[in-house]
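Shown next, in structure tokens, is the structure this report addresses.
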Amino acid sequence: MSAILECRGLTKNFGRVCALDAVDLSIEPGRVVGLLGPNGSGKTTLIKLANGLLTPSAGELLIAGEKPGPASKAIISYLPDRNFLPDWMSARQMLDFFEDFYPDFRRDKATEMLGRLGIEETIRFGQMSKGTKEKAQLILVMSREAGLYLLDEPIGGVDPATRDFILDTIIRNYNPSASVVISTHLIADVENVLDEVIFINSGRIVVHSSVDEIREAQGKSVDAYFREVFKC
Amino acid sequence: MSQTFRSDLPIYTQLIELWQRDIASGTLPPGARLPSVRDLAAELGVNPNTVQRALTELERAGLIYTQRTSGRFVTEDAAVIARCKEALGEGLIRDFLAAMKLLGYQKQDILSLLREEKEEES
């Protein structure tokens with residue numbers, strides 16, 4: 001199978017700061033991948049490059065064999081690390097908005113999930129609590145039938161019940177031929193749902209392995225292994 | 001997401017053990033239909049590929065079988081289930097004996113302790 005996301009010598013500099021340093025990486029379809037690293041390690045930069053929100057300083061990044069552009073945006077469903085909807089938008093308008101933008105948006109699915117959470121279609125984004133905002137945005141993103149889901153910090157700052165809902169939503173909704181990349185530093189929380197992990201530090205990939213391999217070879221959890229690799 | 005897993009073993013091996021125990025004990029009775037991979041994954045809070053991997057192993061061991069259109073079922077072959085139960089039992093005894101040995105018990109002491117325990121029970 002050919003890679004859904006591939007980087008070759010991918011480099012991104014911000015002035016004199018090197019955010020990504022000659023990254024080689026390949027992600028196959030049908031995988032749930034944890035992009036793990038401390039703050040400032042390059043996680044968000046990598047995800048933004050994949051979305052075409054940044055352009056590489058050197059090297060290249062390909063989505064299903066193509067450079068980021070309209071074709072890649074049609075198959076990527078992206079959850080940014082901050083709120084991306086305006087406060088005035090009602091839940092119904094959010095559904096309209098996603099339906100207008102994305103042909104692969106399954107409105108029935110999103111409506112059903114919002115209903116299950118008791119989020120009424122008349123409530124505005126600005127009226128929602130922090131946790132509800134995160135859940136609503138994730139529901140929209142996961143209701144697309146995308147080929148690649150890029151989730152930047154989907155569980156940052158939510159309570160454990162909300163975290164369970166979010167992970168459950170991810171497991172139930174990605175289609176088995178699609179890949180999901182979850183960036184986070186809360187490893188213990190996501191470890192059980194991952195196929196493989198990428199450890200990134202100072203713009204370099206330091207580990208890329210399956211979770212089973214790490215547990216088998218190291219005899220410890222990915223979380224414990226991460227603490228060992230990134231020991232300060 | 002009620003299931004908790006040990007952090008030092010791959011999750012799929014823990015799932016295999018979990019389902020072996022359920023089948024051997026009859027919690028999952030012969031012929032019972034298993035939920036879909038996705039539902040199992042969501043229920044256990046684990047990755048669907050992990051569930052798939054564990055089910056494939058159980059299928060190879062003959063404990064479950066797939067019917068192309070209607071899903072996965074626990075085997076109705078009593079001999080296979082009995083063998084699985086036996087293997088689990090032997091494993092428990094091996095672990096028990098190893099732990100007792102670490103405490104300094106000899107086989108003879110262990111046997112008499114077991115006999116005493118049995119008498120108390122009856």
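Chain labels A, B, ... are given in the sequence in which chains occur in the structure tokens; within each chain residues are numbered consecutively from 1, and ligands are likewise numbered from 1 in the order shown.
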Note to self: as a ChimeraX atom specification, please: the residues near A:Thr44 (cut-off 10 Å, only C-alpha atoms, same-chain neighbours under 6 positions excluded).
What the structure shows: /A:19,35,50,80-81,151-153,183-184
Next item on the list: Find the residues in chain B near chain A: any atom within 7 Å counts, using only C-alpha atoms. Write them as a ChimeraX atom specification.
Entry: /B:7-10,38,42,45-47
File of the preceding selection, C-alpha atoms, as a short mmCIF file (atom, residue, chain, number, x, y, z; two decimals), in the first residue's frame:
data_model
loop_
_atom_site.label_atom_id
_atom_site.label_comp_id
_atom_site.auth_asym_id
_atom_site.auth_seq_id
_atom_site.Cartn_x
_atom_site.Cartn_y
_atom_site.Cartn_z
CA SER B 7 1.12 -1.21 30.67
CA ASP B 8 4.05 -3.59 30.18
CA LEU B 9 2.42 -6.04 27.74
CA PRO B 10 0.99 -5.50 24.28
CA ARG B 38 -15.48 -1.47 15.91
CA ALA B 42 -15.02 1.36 21.30
CA GLY B 45 -11.27 1.85 24.48
CA VAL B 46 -8.63 0.33 22.22
CA ASN B 47 -7.59 0.50 18.60
#
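Proximity of A:Glu6, A:Asp87, A:Glu66, A:Asp189 to A:Glu28, computed with only C-alpha atoms, is greatest for A:Glu6.
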Next item on the list: Tell me which protein, DNA and RNA residues are within 9 Å of A:Phe199, counting only C-alpha atoms, leaving out same-chain ones fewer than 4 positions away, and put them as a PyMOL selection string.
Entry: chain A and resi 34-37+204-209+226+229
Let me see the file: selected residues, N, CA, C and O atoms, as a short mmCIF file (atom, residue, chain, number, x, y, z; two decimals), in the first residue's frame.
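See selection33.cif below for the written result:
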data_model
loop_
_atom_site.label_atom_id
_atom_site.label_comp_id
_atom_site.auth_asym_id
_atom_site.auth_seq_id
_atom_site.Cartn_x
_atom_site.Cartn_y
_atom_site.Cartn_z
N GLY A 34 0.04 8.24 16.82
CA GLY A 34 0.24 9.29 17.81
C GLY A 34 1.48 10.09 17.45
O GLY A 34 2.56 9.52 17.29
N LEU A 35 1.32 11.38 17.32
CA LEU A 35 2.45 12.27 17.07
C LEU A 35 2.78 12.90 18.42
O LEU A 35 2.06 13.77 18.90
N LEU A 36 3.84 12.39 19.04
CA LEU A 36 4.08 12.72 20.44
C LEU A 36 5.39 13.48 20.59
O LEU A 36 6.41 13.10 20.02
N GLY A 37 5.33 14.51 21.37
CA GLY A 37 6.55 15.27 21.63
C GLY A 37 6.26 16.39 22.60
O GLY A 37 5.11 16.78 22.78
N ARG A 204 13.15 16.78 15.04
CA ARG A 204 13.62 15.50 14.49
C ARG A 204 12.76 14.37 15.01
O ARG A 204 12.34 14.37 16.17
N ILE A 205 12.58 13.35 14.13
CA ILE A 205 11.88 12.13 14.55
C ILE A 205 12.88 11.26 15.31
O ILE A 205 13.90 10.87 14.75
N VAL A 206 12.59 10.98 16.58
CA VAL A 206 13.54 10.16 17.34
C VAL A 206 13.09 8.71 17.46
O VAL A 206 13.92 7.81 17.61
N VAL A 207 11.79 8.45 17.41
CA VAL A 207 11.28 7.08 17.43
C VAL A 207 10.08 7.02 16.50
O VAL A 207 9.25 7.93 16.48
N HIS A 208 10.00 5.97 15.68
CA HIS A 208 8.79 5.70 14.92
C HIS A 208 8.59 4.19 14.96
O HIS A 208 9.34 3.45 14.36
N SER A 209 7.59 3.75 15.73
CA SER A 209 7.47 2.32 16.02
C SER A 209 6.01 1.98 16.31
O SER A 209 5.21 2.87 16.61
N PHE A 226 8.40 7.05 26.67
CA PHE A 226 8.52 8.46 26.31
C PHE A 226 9.27 9.24 27.40
O PHE A 226 10.19 10.02 27.12
N VAL A 229 12.92 8.45 27.05
CA VAL A 229 13.56 9.07 25.88
C VAL A 229 13.73 10.58 26.09
O VAL A 229 14.73 11.16 25.68
#
Note to self: When DSSP is applied to the backbone of this structure, which of stretch 40-162 of chain A are assigned alpha helix (DSSP H)? Write them out as a ChimeraX atom specification.
What the structure shows: /A:43-50,70-75,91-101,107-116,130-142,160-162
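Coordinates place atom CA of A:Phe84 at a distance of 22.1 Å from atom CA of A:Ser179.
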Item checked: Picked from stretch 86-150 of chain A by DSSP as strand (DSSP E or B), as a VMD selection string -> chain A and resid 90 105 124 144 148 to 150
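Distance check against B:Thr56 using only C-alpha atoms: of B:Ile16, B:Ala41, B:Ile81, B:Ala87, the minimum falls on B:Ile16.
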Notebook entry, point to check: So which one's closest to B:Gln52, B:Thr66, B:Val74, B:Glu119, B:Val37? Using only C-alpha atoms, please.
Noted result: B:Val37
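Reported to one decimal place, the separation of atom CA of A:Glu99 from atom CA of A:Ala71 is 17.6 Å.
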